[in-house]
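A.B. asks: Coordinates in run_5.pdb, PDB, C-alpha atoms, are listed below.
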MODEL        1
ATOM      1  CA  MET A   1      66.490   9.621  24.491
ATOM      2  CA  SER A   2      67.720   7.402  21.664
ATOM      3  CA  ARG A   3      66.654   8.237  18.140
ATOM      4  CA  PRO A   4      63.134   6.774  17.588
ATOM      5  CA  GLN A   5      63.154   4.168  14.829
ATOM      6  CA  ARG A   6      59.555   2.904  14.851
ATOM      7  CA  ILE A   7      57.028   5.704  14.647
ATOM      8  CA  LEU A   8      53.238   5.952  14.524
ATOM      9  CA  VAL A   9      52.017   8.878  12.418
ATOM     10  CA  THR A  10      48.312   9.744  12.688
ATOM     11  CA  GLY A  11      46.800  11.681   9.799
ATOM     12  CA  ALA A  12      49.454   9.983   7.679
ATOM     13  CA  ALA A  13      47.690  10.532   4.348
ATOM     14  CA  GLY A  14      47.260  14.259   4.847
ATOM     15  CA  PHE A  15      49.310  17.206   3.649
ATOM     16  CA  ILE A  16      51.826  17.425   6.497
ATOM     17  CA  GLY A  17      51.468  13.776   7.543
ATOM     18  CA  SER A  18      52.406  12.265   4.185
ATOM     19  CA  SER A  19      55.339  14.686   3.830
ATOM     20  CA  LEU A  20      56.571  13.585   7.258
ATOM     21  CA  VAL A  21      56.139   9.897   6.370
ATOM     22  CA  ASP A  22      58.331  10.336   3.279
ATOM     23  CA  ARG A  23      61.022  12.130   5.298
ATOM     24  CA  LEU A  24      61.099   9.439   7.995
ATOM     25  CA  LEU A  25      61.288   6.614   5.452
ATOM     26  CA  ALA A  26      64.103   8.414   3.627
ATOM     27  CA  GLU A  27      66.008   8.408   6.923
ATOM     28  CA  GLY A  28      65.633   4.629   7.180
ATOM     29  CA  ARG A  29      62.996   4.567   9.916
ATOM     30  CA  GLN A  30      59.952   2.309  10.172
ATOM     31  CA  VAL A  31      56.602   4.083   9.957
ATOM     32  CA  VAL A  32      53.096   2.915  10.766
ATOM     33  CA  GLY A  33      50.517   5.284   9.325
ATOM     34  CA  LEU A  34      47.014   5.765  10.674
ATOM     35  CA  ASP A  35      44.299   7.640   8.788
ATOM     36  CA  SER A  36      40.499   7.529   8.749
ATOM     37  CA  PHE A  37      40.269   9.069   5.243
ATOM     38  CA  ASP A  38      37.636  11.486   6.523
ATOM     39  CA  PRO A  39      35.692  13.001   3.576
ATOM     40  CA  PHE A  40      36.865  16.524   4.486
ATOM     41  CA  TYR A  41      38.498  16.423   1.046
ATOM     42  CA  ASP A  42      39.039  13.939  -1.756
ATOM     43  CA  GLU A  43      40.252  10.500  -0.628
ATOM     44  CA  GLU A  44      41.911   9.951  -3.999
ATOM     45  CA  GLN A  45      44.301  12.835  -3.344
ATOM     46  CA  LYS A  46      45.172  11.413   0.062
ATOM     47  CA  ARG A  47      45.888   8.032  -1.527
ATOM     48  CA  ARG A  48      48.171   9.750  -4.067
ATOM     49  CA  ASN A  49      50.013  11.440  -1.209
ATOM     50  CA  LEU A  50      51.113   8.004   0.016
ATOM     51  CA  GLU A  51      52.040   6.441  -3.327
ATOM     52  CA  SER A  52      55.760   6.738  -2.662
ATOM     53  CA  ALA A  53      55.466   5.450   0.913
ATOM     54  CA  GLN A  54      53.364   2.460  -0.138
ATOM     55  CA  GLY A  55      56.297   1.240  -2.208
ATOM     56  CA  SER A  56      58.459   0.947   0.915
ATOM     57  CA  GLY A  57      58.692  -2.240   2.932
ATOM     58  CA  GLU A  58      59.161  -0.089   6.040
ATOM     59  CA  PHE A  59      55.680   1.459   5.853
ATOM     60  CA  ARG A  60      52.290   0.050   6.810
ATOM     61  CA  LEU A  61      48.967   1.896   6.693
ATOM     62  CA  HIS A  62      45.929   1.272   8.911
ATOM     63  CA  GLN A  63      42.569   2.880   8.169
ATOM     64  CA  VAL A  64      41.433   3.700  11.707
ATOM     65  CA  ASP A  65      39.438   6.517  13.287
ATOM     66  CA  ILE A  66      41.275   7.872  16.341
ATOM     67  CA  ARG A  67      37.951   7.900  18.232
ATOM     68  CA  ASP A  68      37.736   4.101  17.946
ATOM     69  CA  ARG A  69      39.285   3.155  21.292
ATOM     70  CA  GLU A  70      39.195  -0.590  20.611
ATOM     71  CA  ARG A  71      41.012  -0.323  17.271
ATOM     72  CA  VAL A  72      43.550   2.142  18.674
ATOM     73  CA  ASP A  73      44.246  -0.146  21.642
ATOM     74  CA  GLN A  74      44.650  -3.116  19.291
ATOM     75  CA  LEU A  75      47.156  -1.168  17.212
ATOM     76  CA  PHE A  76      49.251  -0.236  20.248
ATOM     77  CA  ALA A  77      49.074  -3.846  21.481
ATOM     78  CA  GLN A  78      50.258  -5.223  18.135
ATOM     79  CA  GLU A  79      53.042  -2.710  17.570
ATOM     80  CA  SER A  80      55.817  -1.361  19.760
ATOM     81  CA  PHE A  81      56.251   2.331  18.946
ATOM     82  CA  ASP A  82      59.246   4.402  19.938
ATOM     83  CA  ALA A  83      57.270   7.563  19.263
ATOM     84  CA  VAL A  84      53.902   8.908  18.149
ATOM     85  CA  VAL A  85      53.344  11.950  15.931
ATOM     86  CA  HIS A  86      49.700  12.936  16.254
ATOM     87  CA  LEU A  87      48.569  15.023  13.264
ATOM     88  CA  ALA A  88      45.059  13.602  12.713
ATOM     89  CA  ALA A  89      42.385  16.246  13.280
ATOM     90  CA  LEU A  90      39.394  17.996  11.853
ATOM     91  CA  ALA A  91      40.989  21.165  10.502
ATOM     92  CA  GLY A  92      39.761  24.548   9.379
ATOM     93  CA  VAL A  93      38.547  27.545  11.359
ATOM     94  CA  ARG A  94      35.447  28.284   9.289
ATOM     95  CA  ARG A  95      34.165  24.721   9.143
ATOM     96  CA  SER A  96      34.573  24.398  12.898
ATOM     97  CA  LEU A  97      31.965  27.138  13.311
ATOM     98  CA  GLU A  98      29.532  24.940  11.360
ATOM     99  CA  ARG A  99      30.401  21.627  13.102
ATOM    100  CA  PRO A 100      31.666  22.495  16.601
ATOM    101  CA  ALA A 101      30.580  19.226  18.246
ATOM    102  CA  ASP A 102      32.362  17.150  15.586
ATOM    103  CA  TYR A 103      35.559  19.137  16.116
ATOM    104  CA  VAL A 104      35.382  18.559  19.870
ATOM    105  CA  ASP A 105      34.770  14.841  19.324
ATOM    106  CA  VAL A 106      37.709  14.293  16.969
ATOM    107  CA  ASN A 107      40.259  16.812  18.216
ATOM    108  CA  ILE A 108      39.753  16.386  21.968
ATOM    109  CA  HIS A 109      38.168  12.953  22.481
ATOM    110  CA  GLY A 110      40.352  11.327  19.804
ATOM    111  CA  THR A 111      43.496  12.924  21.200
ATOM    112  CA  ALA A 112      42.647  11.701  24.710
ATOM    113  CA  ILE A 113      42.335   8.129  23.403
ATOM    114  CA  LEU A 114      45.766   8.312  21.747
ATOM    115  CA  LEU A 115      47.441   9.903  24.777
ATOM    116  CA  ASP A 116      45.938   7.224  27.010
ATOM    117  CA  ALA A 117      47.141   4.400  24.751
ATOM    118  CA  ALA A 118      50.655   5.880  24.545
ATOM    119  CA  ALA A 119      50.839   6.380  28.313
ATOM    120  CA  ARG A 120      49.631   2.852  29.134
ATOM    121  CA  ARG A 121      52.023   1.195  26.698
ATOM    122  CA  GLY A 122      54.956   3.166  28.081
ATOM    123  CA  GLY A 123      58.122   4.372  26.404
ATOM    124  CA  SER A 124      56.440   6.405  23.687
ATOM    125  CA  HIS A 125      57.533   9.965  22.983
ATOM    126  CA  PHE A 126      54.440  11.911  21.878
ATOM    127  CA  VAL A 127      54.599  14.830  19.431
ATOM    128  CA  PHE A 128      51.333  16.706  18.971
ATOM    129  CA  GLY A 129      50.458  18.952  16.034
ATOM    130  CA  SER A 130      48.831  22.039  17.536
ATOM    131  CA  SER A 131      48.047  25.342  15.826
ATOM    132  CA  SER A 132      48.864  29.046  15.860
ATOM    133  CA  SER A 133      45.103  29.609  16.061
ATOM    134  CA  VAL A 134      45.350  29.142  19.849
ATOM    135  CA  TYR A 135      46.786  32.674  20.084
ATOM    136  CA  GLY A 136      43.447  34.188  19.066
ATOM    137  CA  GLU A 137      43.064  37.744  17.724
ATOM    138  CA  ARG A 138      46.242  39.767  18.259
ATOM    139  CA  SER A 139      47.351  43.218  17.142
ATOM    140  CA  ASP A 140      50.966  42.694  18.222
ATOM    141  CA  GLY A 141      53.614  40.092  17.584
ATOM    142  CA  PRO A 142      55.573  37.970  17.191
ATOM    143  CA  PHE A 143      53.677  35.396  19.270
ATOM    144  CA  ARG A 144      55.602  33.682  22.053
ATOM    145  CA  GLU A 145      54.816  30.368  23.702
ATOM    146  CA  THR A 146      54.563  32.175  27.059
ATOM    147  CA  ASP A 147      51.781  34.479  25.783
ATOM    148  CA  SER A 148      48.236  34.052  27.101
ATOM    149  CA  VAL A 149      46.165  31.695  24.940
ATOM    150  CA  GLU A 150      42.962  31.640  26.929
ATOM    151  CA  ARG A 151      40.761  33.505  24.428
ATOM    152  CA  PRO A 152      40.451  31.440  21.222
ATOM    153  CA  ILE A 153      37.974  32.782  18.665
ATOM    154  CA  SER A 154      36.943  29.569  16.888
ATOM    155  CA  PRO A 155      35.959  26.066  18.004
ATOM    156  CA  TYR A 156      38.967  24.709  16.089
ATOM    157  CA  ALA A 157      41.344  26.898  18.102
ATOM    158  CA  ALA A 158      39.616  25.949  21.341
ATOM    159  CA  THR A 159      39.998  22.229  20.604
ATOM    160  CA  LYS A 160      43.698  22.609  19.886
ATOM    161  CA  ARG A 161      44.267  24.468  23.144
ATOM    162  CA  ALA A 162      42.230  21.878  25.038
ATOM    163  CA  ALA A 163      44.359  19.103  23.528
ATOM    164  CA  GLU A 164      47.534  20.876  24.693
ATOM    165  CA  LEU A 165      46.132  20.930  28.233
ATOM    166  CA  LEU A 166      45.270  17.239  28.005
ATOM    167  CA  ALA A 167      48.810  16.516  26.837
ATOM    168  CA  HIS A 168      50.249  18.275  29.879
ATOM    169  CA  THR A 169      47.949  16.255  32.124
ATOM    170  CA  PHE A 170      49.279  12.978  30.702
ATOM    171  CA  HIS A 171      52.858  14.184  31.099
ATOM    172  CA  HIS A 172      52.256  15.148  34.726
ATOM    173  CA  ALA A 173      50.231  12.047  35.673
ATOM    174  CA  HIS A 174      52.094   9.373  33.700
ATOM    175  CA  GLY A 175      55.499  10.836  32.849
ATOM    176  CA  LEU A 176      54.695  10.760  29.140
ATOM    177  CA  SER A 177      57.171  12.847  27.158
ATOM    178  CA  VAL A 178      55.120  15.312  25.086
ATOM    179  CA  THR A 179      56.092  18.089  22.683
ATOM    180  CA  CYS A 180      53.268  20.275  21.360
ATOM    181  CA  LEU A 181      54.156  22.045  18.112
ATOM    182  CA  ARG A 182      52.130  25.089  17.099
ATOM    183  CA  PHE A 183      52.091  25.145  13.287
ATOM    184  CA  PHE A 184      51.853  28.475  11.460
ATOM    185  CA  THR A 185      50.090  28.575   8.045
ATOM    186  CA  VAL A 186      51.862  25.654   6.402
ATOM    187  CA  TYR A 187      51.908  25.561   2.576
ATOM    188  CA  GLY A 188      53.575  23.619  -0.219
ATOM    189  CA  PRO A 189      53.115  20.477  -2.354
ATOM    190  CA  ARG A 190      50.110  18.307  -1.321
ATOM    191  CA  GLN A 191      48.413  21.273   0.323
ATOM    192  CA  ARG A 192      44.736  20.770   1.164
ATOM    193  CA  PRO A 193      42.340  22.238  -1.440
ATOM    194  CA  ASP A 194      40.628  24.481   1.131
ATOM    195  CA  LEU A 195      43.826  26.331   2.100
ATOM    196  CA  ALA A 196      44.430  29.773   0.624
ATOM    197  CA  ILE A 197      47.449  29.284  -1.639
ATOM    198  CA  ARG A 198      46.048  26.185  -3.334
ATOM    199  CA  LYS A 199      42.510  27.537  -3.484
ATOM    200  CA  PHE A 200      43.726  30.782  -5.054
ATOM    201  CA  ALA A 201      46.017  29.006  -7.531
ATOM    202  CA  GLU A 202      43.353  26.615  -8.820
ATOM    203  CA  LEU A 203      40.825  29.417  -9.298
ATOM    204  CA  MET A 204      43.410  31.582 -11.066
ATOM    205  CA  LEU A 205      44.335  28.744 -13.448
ATOM    206  CA  ARG A 206      40.641  28.406 -14.311
ATOM    207  CA  GLY A 207      40.292  32.149 -14.853
ATOM    208  CA  GLN A 208      37.856  32.485 -11.957
ATOM    209  CA  ALA A 209      37.737  35.146  -9.263
ATOM    210  CA  ILE A 210      39.447  34.414  -5.959
ATOM    211  CA  PRO A 211      37.598  35.264  -2.712
ATOM    212  CA  VAL A 212      39.515  37.593  -0.389
ATOM    213  CA  TYR A 213      37.958  38.248   3.004
ATOM    214  CA  GLY A 214      38.714  41.732   4.277
ATOM    215  CA  ASP A 215      41.014  44.138   2.424
ATOM    216  CA  GLY A 216      43.914  41.737   1.753
ATOM    217  CA  SER A 217      46.119  43.255   4.450
ATOM    218  CA  SER A 218      45.822  40.259   6.792
ATOM    219  CA  LEU A 219      49.250  38.928   7.734
ATOM    220  CA  ARG A 220      50.220  35.265   7.908
ATOM    221  CA  ASP A 221      53.417  33.508   8.892
ATOM    222  CA  PHE A 222      53.543  31.270   5.801
ATOM    223  CA  THR A 223      55.799  28.278   6.522
ATOM    224  CA  PHE A 224      56.968  25.857   3.840
ATOM    225  CA  VAL A 225      56.002  22.258   4.573
ATOM    226  CA  ALA A 226      59.572  20.912   4.405
ATOM    227  CA  ASP A 227      60.600  23.375   7.135
ATOM    228  CA  THR A 228      57.661  22.300   9.297
ATOM    229  CA  VAL A 229      58.500  18.627   8.760
ATOM    230  CA  ASP A 230      62.114  19.301   9.709
ATOM    231  CA  GLY A 231      60.903  20.802  12.983
ATOM    232  CA  ILE A 232      58.705  17.764  13.667
ATOM    233  CA  VAL A 233      61.603  15.365  13.086
ATOM    234  CA  ARG A 234      63.850  17.392  15.371
ATOM    235  CA  ALA A 235      61.151  17.285  18.074
ATOM    236  CA  LEU A 236      60.919  13.510  17.637
ATOM    237  CA  ASP A 237      64.615  13.137  18.375
ATOM    238  CA  ARG A 238      64.625  15.188  21.590
ATOM    239  CA  ASP A 239      63.010  14.434  24.924
ATOM    240  CA  LEU A 240      62.038  17.822  26.349
ATOM    241  CA  GLY A 241      59.732  16.417  29.030
ATOM    242  CA  PHE A 242      56.731  18.613  28.334
ATOM    243  CA  SER A 243      57.206  21.467  25.902
ATOM    244  CA  ILE A 244      55.223  23.796  23.653
ATOM    245  CA  LEU A 245      57.074  25.233  20.655
ATOM    246  CA  ASN A 246      56.169  27.457  17.712
ATOM    247  CA  LEU A 247      57.054  26.149  14.244
ATOM    248  CA  GLY A 248      56.750  29.081  11.871
ATOM    249  CA  ALA A 249      58.949  30.981   9.451
ATOM    250  CA  GLY A 250      59.303  33.873  11.892
ATOM    251  CA  ARG A 251      58.101  36.484   9.409
ATOM    252  CA  THR A 252      54.795  37.713   8.034
ATOM    253  CA  VAL A 253      53.433  38.073   4.510
ATOM    254  CA  SER A 254      50.200  39.807   3.533
ATOM    255  CA  VAL A 255      47.471  38.093   1.536
ATOM    256  CA  LYS A 256      48.085  40.671  -1.212
ATOM    257  CA  GLN A 257      51.770  39.652  -1.375
ATOM    258  CA  VAL A 258      50.799  36.000  -1.680
ATOM    259  CA  ILE A 259      48.481  36.793  -4.592
ATOM    260  CA  GLU A 260      51.240  38.776  -6.334
ATOM    261  CA  THR A 261      53.669  35.861  -5.874
ATOM    262  CA  LEU A 262      51.131  33.442  -7.343
ATOM    263  CA  GLU A 263      50.547  35.776 -10.300
ATOM    264  CA  LYS A 264      54.277  35.694 -11.106
ATOM    265  CA  ASN A 265      54.560  31.916 -10.833
ATOM    266  CA  LEU A 266      51.318  31.168 -12.692
ATOM    267  CA  GLU A 267      51.912  33.928 -15.262
ATOM    268  CA  THR A 268      48.368  35.175 -14.922
ATOM    269  CA  VAL A 269      46.500  38.061 -13.337
ATOM    270  CA  ALA A 270      44.168  37.369 -10.448
ATOM    271  CA  ARG A 271      40.568  38.546 -10.464
ATOM    272  CA  ILE A 272      39.582  39.289  -6.883
ATOM    273  CA  GLU A 273      36.155  39.104  -5.271
ATOM    274  CA  TRP A 274      36.329  41.260  -2.168
ATOM    275  CA  LEU A 275      34.235  39.902   0.705
ATOM    276  CA  PRO A 276      33.599  40.899   4.341
ATOM    277  CA  LYS A 277      35.986  39.558   6.972
ATOM    278  CA  GLN A 278      34.717  36.243   8.334
ATOM    279  CA  THR A 279      34.010  35.273  11.923
ATOM    280  CA  GLY A 280      36.868  33.231  13.378
ATOM    281  CA  ASP A 281      39.540  34.679  11.075
ATOM    282  CA  VAL A 282      42.435  36.430  12.803
ATOM    283  CA  SER A 283      44.130  39.501  11.339
ATOM    284  CA  ARG A 284      47.650  38.108  11.779
ATOM    285  CA  THR A 285      49.759  35.108  12.735
ATOM    286  CA  TRP A 286      53.434  35.617  13.519
ATOM    287  CA  ALA A 287      55.731  33.161  15.267
ATOM    288  CA  ASN A 288      58.584  33.932  17.570
ATOM    289  CA  ILE A 289      60.751  30.861  16.907
ATOM    290  CA  ASP A 290      63.582  31.515  19.374
ATOM    291  CA  ALA A 291      62.520  28.629  21.635
ATOM    292  CA  ALA A 292      62.422  26.119  18.748
ATOM    293  CA  LYS A 293      65.813  27.325  17.555
ATOM    294  CA  GLU A 294      67.308  26.878  21.016
ATOM    295  CA  SER A 295      65.597  23.576  21.877
ATOM    296  CA  LEU A 296      65.621  21.881  18.480
ATOM    297  CA  GLY A 297      68.148  23.697  16.305
ATOM    298  CA  TYR A 298      65.166  24.595  14.112
ATOM    299  CA  GLU A 299      66.113  26.889  11.197
ATOM    300  CA  PRO A 300      63.421  27.435   8.530
ATOM    301  CA  ASN A 301      65.100  28.657   5.360
ATOM    302  CA  THR A 302      62.549  28.507   2.516
ATOM    303  CA  GLN A 303      61.570  31.922   1.176
ATOM    304  CA  LEU A 304      58.036  32.509  -0.116
ATOM    305  CA  GLU A 305      59.091  32.790  -3.778
ATOM    306  CA  GLU A 306      60.919  29.464  -3.623
ATOM    307  CA  GLY A 307      58.133  27.720  -1.720
ATOM    308  CA  VAL A 308      55.351  28.956  -3.987
ATOM    309  CA  GLY A 309      57.424  27.932  -7.007
ATOM    310  CA  ALA A 310      57.728  24.382  -5.661
ATOM    311  CA  PHE A 311      54.011  24.300  -4.912
ATOM    312  CA  VAL A 312      53.059  25.489  -8.422
ATOM    313  CA  GLU A 313      55.380  22.899  -9.988
ATOM    314  CA  TRP A 314      53.584  20.185  -7.990
ATOM    315  CA  LEU A 315      50.130  21.569  -8.749
ATOM    316  CA  ARG A 316      50.666  21.544 -12.521
ATOM    317  CA  LYS A 317      51.374  17.791 -12.352
ATOM    318  CA  GLN A 318      48.095  16.962 -10.613
ATOM    319  CA  PRO A 319      45.212  15.300 -12.480
TER
ENDMDL
END
Step by step, read the file and then write its structure as structure tokens.

C.D. replies:
Amino acid sequence: MSRPQRILVTGAAGFIGSSLVDRLLAEGRQVVGLDSFDPFYDEEQKRRNLESAQGSGEFRLHQVDIRDRERVDQLFAQESFDAVVHLAALAGVRRSLERPADYVDVNIHGTAILLDAAARRGGSHFVFGSSSSVYGERSDGPFRETDSVERPISPYAATKRAAELLAHTFHHAHGLSVTCLRFFTVYGPRQRPDLAIRKFAELMLRGQAIPVYGDGSSLRDFTFVADTVDGIVRALDRDLGFSILNLGAGRTVSVKQVIETLEKNLETVARIEWLPKQTGDVSRTWANIDAAKESLGYEPNTQLEEGVGAFVEWLRKQP
């Protein structure tokens, strides 16, 4: 497969999406961004995420909901994409417990519409942003792509697994090249306000208590956004037929360790409000990344101290 030069990125104004857009533009590629600007969090922040991209003549943004089949079909008819990176989704385990039908509608129905458009137009390589949440509750690790993922514990996780199955169907039925990437606890500049590191940091800067569910021993495979984006770009440039790959750091960090790292970078002491463990939360995420290393040459290299430092530097510049 030749290197894709014209790429559709859904969820382009989001945390990972906007970081990917900037990387692709820096490499001299043309990018068409699609985003519905769902009110999940502040639209103004999403607009700021794309300020740099909007200054490029190689970037165009369309405000479209992926569930709008007519608009999606029009976009594919107007443009000729070499590849699609599908990152648009309703995210968040806890909110999916409150709005399960909405999550099914966006994350499954919307994904089916995009897969169908890509398959009918032909020639598009499709990269799908899945999630480590598909692995469910595990006491072992690291998690391998060959592990059973048939027992998700949140609607969000279930929708991501369902979308992976849909992707395989379109590969089998239409020959669409699809790579599903399971992201593991991505953090860094532009992080969503509901995610732990940003939520903790903002509360700490205001001198407010941070909510910790459980005893703080939960383990997460925190992965710096630039490493995740590098994995996405590598997946874009390789036709693996149909493939599922983990994109994590390959190591775990406890919630307590994250808080201690934030305390050092923010030069403050956290006040903690201890709360019961929440339904849908898993006790650990931990990626085995051997397959991504072998297939993509993926090598995450950002340590937590460095990544949190870059995040804090970005956060202090925000309005």

A.B. asks: Running the PyMOL selection byres ((chain A and resi 84) around 7) on this model by hand, what would come out? Give it as a ChimeraX atom specification.

C.D. replies: /A:7-9,83,85-86,124-127

A.B. asks: Report, in Å with one decimal, the straight-line distance from CA of Lys160 (chain A) to CA of Arg23 (chain A).

C.D. replies: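 A separation of 25.0 Å between them.
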
A.B. asks: Take the PyMOL selection byres ((chain A and resi 161-163) around 8), run it mentally on this structure, and tell me the resulting residues as a VMD selection string.

C.D. replies: chain A and resid 107 to 108 111 to 112 130 134 149 157 to 160 164 to 167

A.B. asks: Could you save those same residues with C-alpha atoms as an mmCIF file, in the frame of the given file?

C.D. replies:
data_model
loop_
_atom_site.group_PDB
_atom_site.id
_atom_site.type_symbol
_atom_site.label_atom_id
_atom_site.label_comp_id
_atom_site.auth_asym_id
_atom_site.auth_seq_id
_atom_site.Cartn_x
_atom_site.Cartn_y
_atom_site.Cartn_z
ATOM 1 C CA ASN A 107 40.259 16.812 18.216
ATOM 2 C CA ILE A 108 39.753 16.386 21.968
ATOM 3 C CA THR A 111 43.496 12.924 21.200
ATOM 4 C CA ALA A 112 42.647 11.701 24.710
ATOM 5 C CA SER A 130 48.831 22.039 17.536
ATOM 6 C CA VAL A 134 45.350 29.142 19.849
ATOM 7 C CA VAL A 149 46.165 31.695 24.940
ATOM 8 C CA ALA A 157 41.344 26.898 18.102
ATOM 9 C CA ALA A 158 39.616 25.949 21.341
ATOM 10 C CA THR A 159 39.998 22.229 20.604
ATOM 11 C CA LYS A 160 43.698 22.609 19.886
ATOM 12 C CA GLU A 164 47.534 20.876 24.693
ATOM 13 C CA LEU A 165 46.132 20.930 28.233
ATOM 14 C CA LEU A 166 45.270 17.239 28.005
ATOM 15 C CA ALA A 167 48.810 16.516 26.837
#

A.B. asks: Please indicate the distance in Å from CA of Asn288 (chain A) to CA of Val233 (chain A), rounded to one decimal place.

C.D. replies: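 Those two atoms sit 19.3 Å apart.
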
A.B. asks: Given the file shown, determine the residues that the PyMOL selection byres ((chain A and resi 69) around 12) selects; report them as a PyMOL selection string.

C.D. replies: chain A and resi 64-68+70-76+109-117

A.B. asks: Which is closest to Ala201 (chain A) among A:Gln30, A:Gln63, A:Thr179, A:Thr261, if we use all atoms listed in the file?

C.D. replies: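 Smallest separation from Ala201 (chain A) among the options: A:Thr261.
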
A.B. asks: Counting all atoms listed in the file, which residues have an atom no more than 10 Å from (57.2, 29.2, -9.2) in the file's coordinates? Please list them as a PyMOL selection string.

C.D. replies: chain A and resi 261-267+304-314

A.B. asks: Find the spatial neighbours of Ser243 (chain A), counting all atoms listed in the file, within a cut-off of 9 Å - ignore same-chain residues fewer than 6 positions away - and output them as a ChimeraX atom specification.

C.D. replies: /A:168,177-181
